[in-house]
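Participant: To be precise about what I am sending: the file is called target.tsv and holds TSV, N, CA and C atoms.
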chain	number	residue	atom	x	y	z
A	1	MET	N	1.48	-7.37	-0.13
A	1	MET	CA	0.91	-6.90	1.11
A	1	MET	C	0.00	-5.70	0.82
A	2	MET	N	-1.28	-5.94	0.84
A	2	MET	CA	-2.25	-4.90	0.57
A	2	MET	C	-3.27	-4.84	1.70
A	3	PRO	N	-3.68	-3.65	2.12
A	3	PRO	CA	-4.71	-3.54	3.16
A	3	PRO	C	-6.00	-4.19	2.69
A	4	SER	N	-6.70	-4.80	3.61
A	4	SER	CA	-7.98	-5.44	3.30
A	4	SER	C	-9.04	-4.87	4.22
A	5	GLU	N	-10.10	-4.35	3.62
A	5	GLU	CA	-11.17	-3.77	4.43
A	5	GLU	C	-11.91	-4.83	5.23
A	6	SER	N	-11.89	-6.08	4.75
A	6	SER	CA	-12.64	-7.12	5.43
A	6	SER	C	-11.86	-7.76	6.57
A	7	ALA	N	-10.57	-7.48	6.68
A	7	ALA	CA	-9.77	-8.09	7.74
A	7	ALA	C	-10.13	-7.47	9.09
A	8	SER	N	-10.41	-8.30	10.05
A	8	SER	CA	-10.73	-7.85	11.39
A	8	SER	C	-9.44	-7.72	12.19
A	9	PRO	N	-9.30	-6.67	13.00
A	9	PRO	CA	-8.08	-6.53	13.79
A	9	PRO	C	-7.81	-7.74	14.68
A	10	SER	N	-8.85	-8.47	15.06
A	10	SER	CA	-8.65	-9.61	15.94
A	10	SER	C	-8.26	-10.89	15.18
A	11	THR	N	-8.33	-10.86	13.84
A	11	THR	CA	-8.03	-12.08	13.09
A	11	THR	C	-7.04	-11.86	11.94
A	12	ALA	N	-6.50	-10.67	11.81
A	12	ALA	CA	-5.60	-10.39	10.69
A	12	ALA	C	-4.29	-11.15	10.85
A	13	GLY	N	-3.78	-11.63	9.71
A	13	GLY	CA	-2.51	-12.34	9.72
A	13	GLY	C	-1.63	-11.88	8.57
A	14	LEU	N	-0.33	-11.97	8.76
A	14	LEU	CA	0.63	-11.67	7.70
A	14	LEU	C	1.08	-12.98	7.08
A	15	TYR	N	1.07	-13.03	5.76
A	15	TYR	CA	1.62	-14.17	5.02
A	15	TYR	C	2.85	-13.67	4.27
A	16	VAL	N	3.97	-14.33	4.45
A	16	VAL	CA	5.21	-13.95	3.79
A	16	VAL	C	5.63	-15.10	2.89
A	17	HIS	N	5.64	-14.84	1.59
A	17	HIS	CA	5.97	-15.88	0.62
A	17	HIS	C	7.48	-15.95	0.40
A	18	VAL	N	8.02	-17.12	0.62
A	18	VAL	CA	9.45	-17.38	0.38
A	18	VAL	C	9.52	-18.47	-0.68
A	19	PRO	N	9.93	-18.13	-1.91
A	19	PRO	CA	9.77	-19.04	-3.05
A	19	PRO	C	10.89	-20.07	-3.25
A	20	PHE	N	11.78	-20.22	-2.28
A	20	PHE	CA	12.93	-21.11	-2.48
A	20	PHE	C	12.64	-22.51	-1.95
A	21	CYS	N	13.06	-23.52	-2.72
A	21	CYS	CA	12.86	-24.93	-2.35
A	21	CYS	C	14.11	-25.73	-2.67
A	22	LEU	N	14.24	-26.86	-1.99
A	22	LEU	CA	15.32	-27.78	-2.31
A	22	LEU	C	15.09	-28.44	-3.67
A	23	THR	N	13.84	-28.83	-3.91
A	23	THR	CA	13.44	-29.42	-5.19
A	23	THR	C	12.08	-28.88	-5.56
A	24	ARG	N	11.78	-28.87	-6.82
A	24	ARG	CA	10.48	-28.42	-7.32
A	24	ARG	C	9.57	-29.64	-7.41
A	25	CYS	N	8.58	-29.72	-6.55
A	25	CYS	CA	7.66	-30.85	-6.54
A	25	CYS	C	6.63	-30.70	-7.65
A	26	GLY	N	6.34	-31.78	-8.34
A	26	GLY	CA	5.41	-31.75	-9.46
A	26	GLY	C	3.99	-31.37	-9.08
A	27	TYR	N	3.60	-31.64	-7.85
A	27	TYR	CA	2.23	-31.35	-7.41
A	27	TYR	C	2.04	-29.92	-6.92
A	28	CYS	N	3.12	-29.19	-6.74
A	28	CYS	CA	3.06	-27.85	-6.15
A	28	CYS	C	2.61	-26.82	-7.18
A	29	ASP	N	1.61	-26.02	-6.81
A	29	ASP	CA	1.12	-24.96	-7.68
A	29	ASP	C	1.62	-23.57	-7.26
A	30	PHE	N	2.46	-23.53	-6.23
A	30	PHE	CA	2.95	-22.24	-5.75
A	30	PHE	C	4.11	-21.75	-6.62
A	31	ASN	N	4.34	-20.46	-6.57
A	31	ASN	CA	5.46	-19.84	-7.27
A	31	ASN	C	6.73	-20.16	-6.48
A	32	THR	N	7.42	-21.23	-6.87
A	32	THR	CA	8.62	-21.65	-6.16
A	32	THR	C	9.73	-21.99	-7.14
A	33	TYR	N	10.96	-21.95	-6.63
A	33	TYR	CA	12.13	-22.20	-7.47
A	33	TYR	C	13.16	-23.01	-6.70
A	34	GLU	N	13.80	-23.93	-7.38
A	34	GLU	CA	14.93	-24.64	-6.79
A	34	GLU	C	16.21	-24.10	-7.41
A	35	GLY	N	17.28	-24.19	-6.66
A	35	GLY	CA	18.58	-23.78	-7.18
A	35	GLY	C	18.83	-22.29	-7.22
A	36	LEU	N	17.98	-21.51	-6.61
A	36	LEU	CA	18.17	-20.05	-6.61
A	36	LEU	C	18.43	-19.50	-5.21
A	37	ASP	N	18.88	-20.38	-4.32
A	37	ASP	CA	19.14	-19.96	-2.94
A	37	ASP	C	20.15	-18.82	-2.85
A	38	HIS	N	21.00	-18.67	-3.85
A	38	HIS	CA	21.98	-17.58	-3.83
A	38	HIS	C	21.30	-16.20	-3.89
A	39	LEU	N	20.02	-16.19	-4.23
A	39	LEU	CA	19.27	-14.92	-4.27
A	39	LEU	C	18.54	-14.63	-2.96
A	40	SER	N	18.63	-15.53	-2.00
A	40	SER	CA	17.82	-15.39	-0.78
A	40	SER	C	18.12	-14.12	0.00
A	41	GLY	N	19.38	-13.72	0.12
A	41	GLY	CA	19.71	-12.48	0.84
A	41	GLY	C	19.09	-11.26	0.20
A	42	ARG	N	19.16	-11.20	-1.12
A	42	ARG	CA	18.56	-10.08	-1.84
A	42	ARG	C	17.04	-10.12	-1.74
A	43	TYR	N	16.46	-11.31	-1.73
A	43	TYR	CA	15.01	-11.45	-1.61
A	43	TYR	C	14.55	-10.95	-0.24
A	44	VAL	N	15.25	-11.35	0.82
A	44	VAL	CA	14.90	-10.89	2.16
A	44	VAL	C	15.03	-9.38	2.24
A	45	ALA	N	16.09	-8.82	1.67
A	45	ALA	CA	16.26	-7.36	1.66
A	45	ALA	C	15.09	-6.68	0.96
A	46	ALA	N	14.63	-7.26	-0.15
A	46	ALA	CA	13.49	-6.69	-0.88
A	46	ALA	C	12.21	-6.78	-0.05
A	47	LEU	N	12.01	-7.88	0.67
A	47	LEU	CA	10.84	-8.00	1.54
A	47	LEU	C	10.88	-6.95	2.65
A	48	CYS	N	12.07	-6.69	3.17
A	48	CYS	CA	12.21	-5.66	4.22
A	48	CYS	C	11.86	-4.28	3.68
A	49	VAL	N	12.28	-3.99	2.46
A	49	VAL	CA	11.93	-2.71	1.82
A	49	VAL	C	10.43	-2.63	1.61
A	50	GLU	N	9.81	-3.71	1.14
A	50	GLU	CA	8.36	-3.71	0.94
A	50	GLU	C	7.63	-3.49	2.25
A	51	ALA	N	8.09	-4.13	3.33
A	51	ALA	CA	7.47	-3.93	4.64
A	51	ALA	C	7.57	-2.47	5.07
A	52	GLU	N	8.71	-1.85	4.80
A	52	GLU	CA	8.88	-0.44	5.14
A	52	GLU	C	7.93	0.44	4.32
A	53	LEU	N	7.76	0.10	3.04
A	53	LEU	CA	6.91	0.89	2.16
A	53	LEU	C	5.43	0.83	2.54
A	54	VAL	N	4.95	-0.33	2.98
A	54	VAL	CA	3.51	-0.49	3.21
A	54	VAL	C	3.12	-0.57	4.68
A	55	GLY	N	4.10	-0.71	5.55
A	55	GLY	CA	3.79	-0.87	6.97
A	55	GLY	C	2.92	0.23	7.53
A	56	GLY	N	3.14	1.45	7.11
A	56	GLY	CA	2.34	2.57	7.61
A	56	GLY	C	0.88	2.48	7.26
A	57	ASP	N	0.56	1.82	6.15
A	57	ASP	CA	-0.83	1.66	5.73
A	57	ASP	C	-1.60	0.69	6.63
A	58	TRP	N	-0.88	-0.06	7.45
A	58	TRP	CA	-1.50	-1.11	8.27
A	58	TRP	C	-1.51	-0.78	9.76
A	59	GLN	N	-1.24	0.43	10.14
A	59	GLN	CA	-1.13	0.76	11.56
A	59	GLN	C	-2.44	0.61	12.32
A	60	GLU	N	-3.56	0.56	11.61
A	60	GLU	CA	-4.86	0.37	12.25
A	60	GLU	C	-5.16	-1.10	12.52
A	61	GLU	N	-4.34	-1.99	11.99
A	61	GLU	CA	-4.54	-3.43	12.15
A	61	GLU	C	-3.59	-3.98	13.21
A	62	SER	N	-4.05	-4.96	13.95
A	62	SER	CA	-3.20	-5.69	14.87
A	62	SER	C	-3.17	-7.13	14.38
A	63	PHE	N	-1.99	-7.61	14.05
A	63	PHE	CA	-1.86	-8.93	13.48
A	63	PHE	C	-1.69	-9.98	14.57
A	64	VAL	N	-2.43	-11.07	14.43
A	64	VAL	CA	-2.39	-12.14	15.43
A	64	VAL	C	-1.59	-13.35	14.94
A	65	SER	N	-1.12	-13.29	13.70
A	65	SER	CA	-0.28	-14.38	13.20
A	65	SER	C	0.65	-13.90	12.10
A	66	VAL	N	1.77	-14.60	11.99
A	66	VAL	CA	2.74	-14.38	10.91
A	66	VAL	C	3.06	-15.78	10.39
A	67	PHE	N	2.85	-15.98	9.08
A	67	PHE	CA	3.11	-17.29	8.49
A	67	PHE	C	4.10	-17.14	7.35
A	68	PHE	N	5.22	-17.85	7.45
A	68	PHE	CA	6.21	-17.90	6.39
A	68	PHE	C	5.93	-19.16	5.58
A	69	GLY	N	5.57	-18.99	4.33
A	69	GLY	CA	5.20	-20.14	3.52
A	69	GLY	C	5.64	-19.98	2.09
A	70	GLY	N	5.00	-20.75	1.25
A	70	GLY	CA	5.26	-20.67	-0.18
A	70	GLY	C	6.08	-21.83	-0.67
A	71	GLY	N	7.37	-21.66	-0.57
A	71	GLY	CA	8.30	-22.73	-0.88
A	71	GLY	C	8.69	-23.37	0.44
A	72	THR	N	9.95	-23.29	0.76
A	72	THR	CA	10.45	-23.80	2.03
A	72	THR	C	11.24	-22.67	2.69
A	73	PRO	N	10.57	-21.84	3.50
A	73	PRO	CA	11.24	-20.70	4.12
A	73	PRO	C	12.49	-21.08	4.91
A	74	THR	N	12.53	-22.32	5.41
A	74	THR	CA	13.69	-22.74	6.19
A	74	THR	C	14.91	-23.06	5.33
A	75	THR	N	14.82	-22.82	4.02
A	75	THR	CA	16.04	-22.85	3.21
A	75	THR	C	16.82	-21.55	3.42
A	76	LEU	N	16.14	-20.52	3.95
A	76	LEU	CA	16.85	-19.30	4.32
A	76	LEU	C	17.72	-19.58	5.54
A	77	PRO	N	18.87	-18.95	5.64
A	77	PRO	CA	19.63	-19.07	6.88
A	77	PRO	C	18.77	-18.55	8.04
A	78	ALA	N	18.90	-19.16	9.20
A	78	ALA	CA	18.10	-18.75	10.36
A	78	ALA	C	18.24	-17.27	10.64
A	79	THR	N	19.44	-16.73	10.45
A	79	THR	CA	19.66	-15.31	10.72
A	79	THR	C	18.81	-14.43	9.80
A	80	GLU	N	18.61	-14.86	8.57
A	80	GLU	CA	17.79	-14.10	7.62
A	80	GLU	C	16.31	-14.17	8.00
A	81	LEU	N	15.84	-15.34	8.42
A	81	LEU	CA	14.45	-15.49	8.83
A	81	LEU	C	14.17	-14.65	10.08
A	82	VAL	N	15.11	-14.63	11.02
A	82	VAL	CA	14.97	-13.83	12.24
A	82	VAL	C	15.00	-12.34	11.88
A	83	LYS	N	15.91	-11.95	11.00
A	83	LYS	CA	15.98	-10.55	10.55
A	83	LYS	C	14.65	-10.11	9.94
A	84	LEU	N	14.08	-10.97	9.12
A	84	LEU	CA	12.81	-10.65	8.48
A	84	LEU	C	11.69	-10.52	9.51
A	85	LEU	N	11.64	-11.41	10.47
A	85	LEU	CA	10.62	-11.32	11.52
A	85	LEU	C	10.78	-10.03	12.31
A	86	HIS	N	11.99	-9.67	12.66
A	86	HIS	CA	12.21	-8.42	13.40
A	86	HIS	C	11.78	-7.20	12.57
A	87	GLU	N	12.05	-7.23	11.29
A	87	GLU	CA	11.63	-6.13	10.41
A	87	GLU	C	10.10	-6.03	10.40
A	88	LEU	N	9.43	-7.16	10.31
A	88	LEU	CA	7.96	-7.14	10.33
A	88	LEU	C	7.44	-6.60	11.66
A	89	GLN	N	8.09	-6.98	12.75
A	89	GLN	CA	7.68	-6.48	14.07
A	89	GLN	C	7.90	-4.97	14.19
A	90	ASP	N	8.91	-4.46	13.51
A	90	ASP	CA	9.17	-3.02	13.53
A	90	ASP	C	8.18	-2.24	12.67
A	91	ARG	N	7.63	-2.86	11.64
A	91	ARG	CA	6.80	-2.15	10.66
A	91	ARG	C	5.31	-2.36	10.84
A	92	PHE	N	4.91	-3.44	11.51
A	92	PHE	CA	3.50	-3.76	11.68
A	92	PHE	C	3.20	-3.93	13.17
A	93	VAL	N	1.93	-3.76	13.52
A	93	VAL	CA	1.51	-4.00	14.89
A	93	VAL	C	1.21	-5.50	15.00
A	94	ILE	N	2.13	-6.22	15.60
A	94	ILE	CA	1.99	-7.67	15.76
A	94	ILE	C	1.79	-7.95	17.24
A	95	SER	N	0.72	-8.65	17.55
A	95	SER	CA	0.40	-8.97	18.93
A	95	SER	C	1.56	-9.71	19.59
A	96	THR	N	1.79	-9.41	20.87
A	96	THR	CA	2.84	-10.12	21.60
A	96	THR	C	2.49	-11.60	21.76
A	97	GLU	N	1.24	-11.94	21.55
A	97	GLU	CA	0.78	-13.33	21.65
A	97	GLU	C	0.60	-13.95	20.26
A	98	ALA	N	1.12	-13.30	19.24
A	98	ALA	CA	0.91	-13.78	17.87
A	98	ALA	C	1.52	-15.16	17.66
A	99	GLU	N	0.83	-15.94	16.83
A	99	GLU	CA	1.36	-17.23	16.40
A	99	GLU	C	2.29	-16.98	15.23
A	100	VAL	N	3.53	-17.42	15.33
A	100	VAL	CA	4.51	-17.28	14.26
A	100	VAL	C	4.88	-18.68	13.81
A	101	THR	N	4.60	-18.99	12.54
A	101	THR	CA	4.85	-20.33	12.03
A	101	THR	C	5.55	-20.26	10.68
A	102	SER	N	6.17	-21.37	10.34
A	102	SER	CA	6.87	-21.46	9.06
A	102	SER	C	6.72	-22.87	8.50
A	103	GLU	N	6.52	-22.93	7.21
A	103	GLU	CA	6.64	-24.22	6.55
A	103	GLU	C	8.10	-24.63	6.67
A	104	ALA	N	8.35	-25.92	6.75
A	104	ALA	CA	9.72	-26.41	6.88
A	104	ALA	C	9.85	-27.77	6.23
A	105	ASN	N	11.07	-28.10	5.88
A	105	ASN	CA	11.41	-29.42	5.39
A	105	ASN	C	12.37	-30.00	6.41
A	106	PRO	N	12.19	-31.25	6.82
A	106	PRO	CA	13.11	-31.83	7.82
A	106	PRO	C	14.58	-31.74	7.42
A	107	ASP	N	14.85	-31.68	6.13
A	107	ASP	CA	16.25	-31.58	5.68
A	107	ASP	C	16.83	-30.17	5.84
A	108	THR	N	15.99	-29.19	6.17
A	108	THR	CA	16.46	-27.81	6.24
A	108	THR	C	16.50	-27.26	7.66
A	109	VAL	N	16.18	-28.08	8.65
A	109	VAL	CA	16.20	-27.61	10.03
A	109	VAL	C	16.93	-28.62	10.92
A	110	ASP	N	17.51	-28.10	11.96
A	110	ASP	CA	18.10	-28.92	13.01
A	110	ASP	C	17.88	-28.16	14.32
A	111	GLU	N	18.35	-28.71	15.41
A	111	GLU	CA	18.10	-28.08	16.70
A	111	GLU	C	18.65	-26.66	16.79
A	112	PRO	N	19.89	-26.40	16.36
A	112	PRO	CA	20.39	-25.00	16.42
A	112	PRO	C	19.57	-24.04	15.54
A	113	TYR	N	19.12	-24.52	14.38
A	113	TYR	CA	18.30	-23.66	13.52
A	113	TYR	C	17.00	-23.30	14.24
A	114	LEU	N	16.34	-24.29	14.81
A	114	LEU	CA	15.09	-24.05	15.49
A	114	LEU	C	15.29	-23.18	16.74
A	115	ALA	N	16.40	-23.33	17.40
A	115	ALA	CA	16.67	-22.51	18.59
A	115	ALA	C	16.85	-21.04	18.19
A	116	ALA	N	17.44	-20.80	17.02
A	116	ALA	CA	17.63	-19.43	16.55
A	116	ALA	C	16.30	-18.78	16.26
Show me, as structure tokens, the structure contained in the file I just sent.
Facilitator:
Amino acid sequence: MMPSESASPSTAGLYVHVPFCLTRCGYCDFNTYEGLDHLSGRYVAALCVEAELVGGDWQEESFVSVFFGGGTPTTLPATELVKLLHELQDRFVISTEAEVTSEANPDTVDEPYLAA
């Protein structure tokens, strides 16, 4: 997360990389890992610390989107994904109308997960 001089306040977006996957696909060029889900809680905690460290540098920006991508962010427990979103909302100026999206695998979501 680094400030960008070219980012416009009306179009700035946050990208949050979550490197965990159910399987490592041969075509994927992203930094992803399978079988390391046991590290997800520590990873989310580290992302929260990073948001705290750099959030103040972004107070002049208003973000219109938050995208959770990379691997399969929905391998995180829903509570962890919600915790991370709340941390980002506390540290960055995110529009109340912001689009919040996540990559997902049908095997990692169900109705209760999506409701959370």
Participant: DSSP on the backbone, helix (DSSP H, G or I) only: what residues of chain A does that give? Format it as JSON, numbers by chain.
Facilitator: {"A": [37, 38, 39, 40, 41, 42, 43, 44, 45, 46, 47, 48, 49, 50, 51, 52, 53, 54, 55, 56, 57, 58, 73, 74, 75, 78, 79, 80, 81, 82, 83, 84, 85, 86, 87, 88, 89, 90, 91, 106, 107, 108, 111, 112, 113, 114, 115]}
Participant: Taking into account all atoms listed in the file, which residue in the set A:Glu87, A:Asp110, A:Glu34, A:Glu97 is nearest to Phe63 (chain A)?
Facilitator: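 Distance minimum relative to Phe63 (chain A) lands on A:Glu97.
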Participant: Between A:Leu53, A:Val64, A:Cys48, A:Ala116, single out the one closest to Gly13 (chain A), counting only N, CA and C atoms.
Facilitator: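 For Gly13 (chain A), the nearest of the given residues is A:Val64.
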Participant: Using only N, CA and C atoms, which of the listed residues (A:Ala51, A:Val66, A:Val44, A:Leu36) sits closest to Ala98 (chain A)?
Facilitator: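 Ranking A:Ala51, A:Val66, A:Val44, A:Leu36 by distance to Ala98 (chain A), first place goes to A:Val66.
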Participant: DSSP on the backbone: what in chain A comes out strand (DSSP E), as a PDB file with N, CA and C atoms, keeping the file's coordinate frame?
Facilitator:
ATOM      1  N   GLY A  13      -3.780 -11.630   9.710  1.00  0.00           N
ATOM      2  CA  GLY A  13      -2.510 -12.340   9.720  1.00  0.00           C
ATOM      3  C   GLY A  13      -1.630 -11.880   8.570  1.00  0.00           C
ATOM      4  N   LEU A  14      -0.330 -11.970   8.760  1.00  0.00           N
ATOM      5  CA  LEU A  14       0.630 -11.670   7.700  1.00  0.00           C
ATOM      6  C   LEU A  14       1.080 -12.980   7.080  1.00  0.00           C
ATOM      7  N   TYR A  15       1.070 -13.030   5.760  1.00  0.00           N
ATOM      8  CA  TYR A  15       1.620 -14.170   5.020  1.00  0.00           C
ATOM      9  C   TYR A  15       2.850 -13.670   4.270  1.00  0.00           C
ATOM     10  N   VAL A  16       3.970 -14.330   4.450  1.00  0.00           N
ATOM     11  CA  VAL A  16       5.210 -13.950   3.790  1.00  0.00           C
ATOM     12  C   VAL A  16       5.630 -15.100   2.890  1.00  0.00           C
ATOM     13  N   HIS A  17       5.640 -14.840   1.590  1.00  0.00           N
ATOM     14  CA  HIS A  17       5.970 -15.880   0.620  1.00  0.00           C
ATOM     15  C   HIS A  17       7.480 -15.950   0.400  1.00  0.00           C
ATOM     16  N   VAL A  18       8.020 -17.120   0.620  1.00  0.00           N
ATOM     17  CA  VAL A  18       9.450 -17.380   0.380  1.00  0.00           C
ATOM     18  C   VAL A  18       9.520 -18.470  -0.680  1.00  0.00           C
ATOM     19  N   PHE A  20      11.780 -20.220  -2.280  1.00  0.00           N
ATOM     20  CA  PHE A  20      12.930 -21.110  -2.480  1.00  0.00           C
ATOM     21  C   PHE A  20      12.640 -22.510  -1.950  1.00  0.00           C
ATOM     22  N   CYS A  21      13.060 -23.520  -2.720  1.00  0.00           N
ATOM     23  CA  CYS A  21      12.860 -24.930  -2.350  1.00  0.00           C
ATOM     24  C   CYS A  21      14.110 -25.730  -2.670  1.00  0.00           C
ATOM     25  N   TYR A  33      10.960 -21.950  -6.630  1.00  0.00           N
ATOM     26  CA  TYR A  33      12.130 -22.200  -7.470  1.00  0.00           C
ATOM     27  C   TYR A  33      13.160 -23.010  -6.700  1.00  0.00           C
ATOM     28  N   GLU A  34      13.800 -23.930  -7.380  1.00  0.00           N
ATOM     29  CA  GLU A  34      14.930 -24.640  -6.790  1.00  0.00           C
ATOM     30  C   GLU A  34      16.210 -24.100  -7.410  1.00  0.00           C
ATOM     31  N   PHE A  63      -1.990  -7.610  14.050  1.00  0.00           N
ATOM     32  CA  PHE A  63      -1.860  -8.930  13.480  1.00  0.00           C
ATOM     33  C   PHE A  63      -1.690  -9.980  14.570  1.00  0.00           C
ATOM     34  N   VAL A  64      -2.430 -11.070  14.430  1.00  0.00           N
ATOM     35  CA  VAL A  64      -2.390 -12.140  15.430  1.00  0.00           C
ATOM     36  C   VAL A  64      -1.590 -13.350  14.940  1.00  0.00           C
ATOM     37  N   SER A  65      -1.120 -13.290  13.700  1.00  0.00           N
ATOM     38  CA  SER A  65      -0.280 -14.380  13.200  1.00  0.00           C
ATOM     39  C   SER A  65       0.650 -13.900  12.100  1.00  0.00           C
ATOM     40  N   VAL A  66       1.770 -14.600  11.990  1.00  0.00           N
ATOM     41  CA  VAL A  66       2.740 -14.380  10.910  1.00  0.00           C
ATOM     42  C   VAL A  66       3.060 -15.780  10.390  1.00  0.00           C
ATOM     43  N   PHE A  67       2.850 -15.980   9.080  1.00  0.00           N
ATOM     44  CA  PHE A  67       3.110 -17.290   8.490  1.00  0.00           C
ATOM     45  C   PHE A  67       4.100 -17.140   7.350  1.00  0.00           C
ATOM     46  N   PHE A  68       5.220 -17.850   7.450  1.00  0.00           N
ATOM     47  CA  PHE A  68       6.210 -17.900   6.390  1.00  0.00           C
ATOM     48  C   PHE A  68       5.930 -19.160   5.580  1.00  0.00           C
ATOM     49  N   GLY A  69       5.570 -18.990   4.330  1.00  0.00           N
ATOM     50  CA  GLY A  69       5.200 -20.140   3.520  1.00  0.00           C
ATOM     51  C   GLY A  69       5.640 -19.980   2.090  1.00  0.00           C
ATOM     52  N   GLY A  70       5.000 -20.750   1.250  1.00  0.00           N
ATOM     53  CA  GLY A  70       5.260 -20.670  -0.180  1.00  0.00           C
ATOM     54  C   GLY A  70       6.080 -21.830  -0.670  1.00  0.00           C
ATOM     55  N   ILE A  94       2.130  -6.220  15.600  1.00  0.00           N
ATOM     56  CA  ILE A  94       1.990  -7.670  15.760  1.00  0.00           C
ATOM     57  C   ILE A  94       1.790  -7.950  17.240  1.00  0.00           C
ATOM     58  N   SER A  95       0.720  -8.650  17.550  1.00  0.00           N
ATOM     59  CA  SER A  95       0.400  -8.970  18.930  1.00  0.00           C
ATOM     60  C   SER A  95       1.560  -9.710  19.590  1.00  0.00           C
ATOM     61  N   THR A  96       1.790  -9.410  20.870  1.00  0.00           N
ATOM     62  CA  THR A  96       2.840 -10.120  21.600  1.00  0.00           C
ATOM     63  C   THR A  96       2.490 -11.600  21.760  1.00  0.00           C
ATOM     64  N   GLU A  97       1.240 -11.940  21.550  1.00  0.00           N
ATOM     65  CA  GLU A  97       0.780 -13.330  21.650  1.00  0.00           C
ATOM     66  C   GLU A  97       0.600 -13.950  20.260  1.00  0.00           C
ATOM     67  N   ALA A  98       1.120 -13.300  19.240  1.00  0.00           N
ATOM     68  CA  ALA A  98       0.910 -13.780  17.870  1.00  0.00           C
ATOM     69  C   ALA A  98       1.520 -15.160  17.660  1.00  0.00           C
ATOM     70  N   GLU A  99       0.830 -15.940  16.830  1.00  0.00           N
ATOM     71  CA  GLU A  99       1.360 -17.230  16.400  1.00  0.00           C
ATOM     72  C   GLU A  99       2.290 -16.980  15.230  1.00  0.00           C
ATOM     73  N   VAL A 100       3.530 -17.420  15.330  1.00  0.00           N
ATOM     74  CA  VAL A 100       4.510 -17.280  14.260  1.00  0.00           C
ATOM     75  C   VAL A 100       4.880 -18.680  13.810  1.00  0.00           C
ATOM     76  N   THR A 101       4.600 -18.990  12.540  1.00  0.00           N
ATOM     77  CA  THR A 101       4.850 -20.330  12.030  1.00  0.00           C
ATOM     78  C   THR A 101       5.550 -20.260  10.680  1.00  0.00           C
ATOM     79  N   SER A 102       6.170 -21.370  10.340  1.00  0.00           N
ATOM     80  CA  SER A 102       6.870 -21.460   9.060  1.00  0.00           C
ATOM     81  C   SER A 102       6.720 -22.870   8.500  1.00  0.00           C
TER      82      SER A 102
END
Participant: May I ask for the distance between CA of Tyr113 (chain A) and CA of Cys21 (chain A), given in Å to one decimal place?
Facilitator: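 Computing the Euclidean distance for CA of Tyr113 (chain A) and CA of Cys21 (chain A) yields 16.8 Å.
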Participant: I need the residue nearest Phe67 (chain A) from this list: A:Leu114, A:Val100, A:Val109, A:Val93. Use all atoms listed in the file for the distance.
Facilitator: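 Going through A:Leu114, A:Val100, A:Val109, A:Val93 one by one, the smallest distance to Phe67 (chain A) is for A:Val100.
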Participant: Just the residues within 6 Å of Pro73 (chain A), please, counting only N, CA and C atoms, with nothing from its chain fewer than 6 positions along; format it as a list in words.
Facilitator: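 Counting only N, CA and C atoms, the residues come to Val18, Phe20, Glu103 and Ala104 of chain A.
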Participant: Which is closer to Gly69 (chain A) than all the others in A:Leu81, A:Gly55, A:Glu111, A:Glu50, using only C-alpha atoms?
Facilitator: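 Closest residue, counting only C-alpha atoms: A:Leu81.
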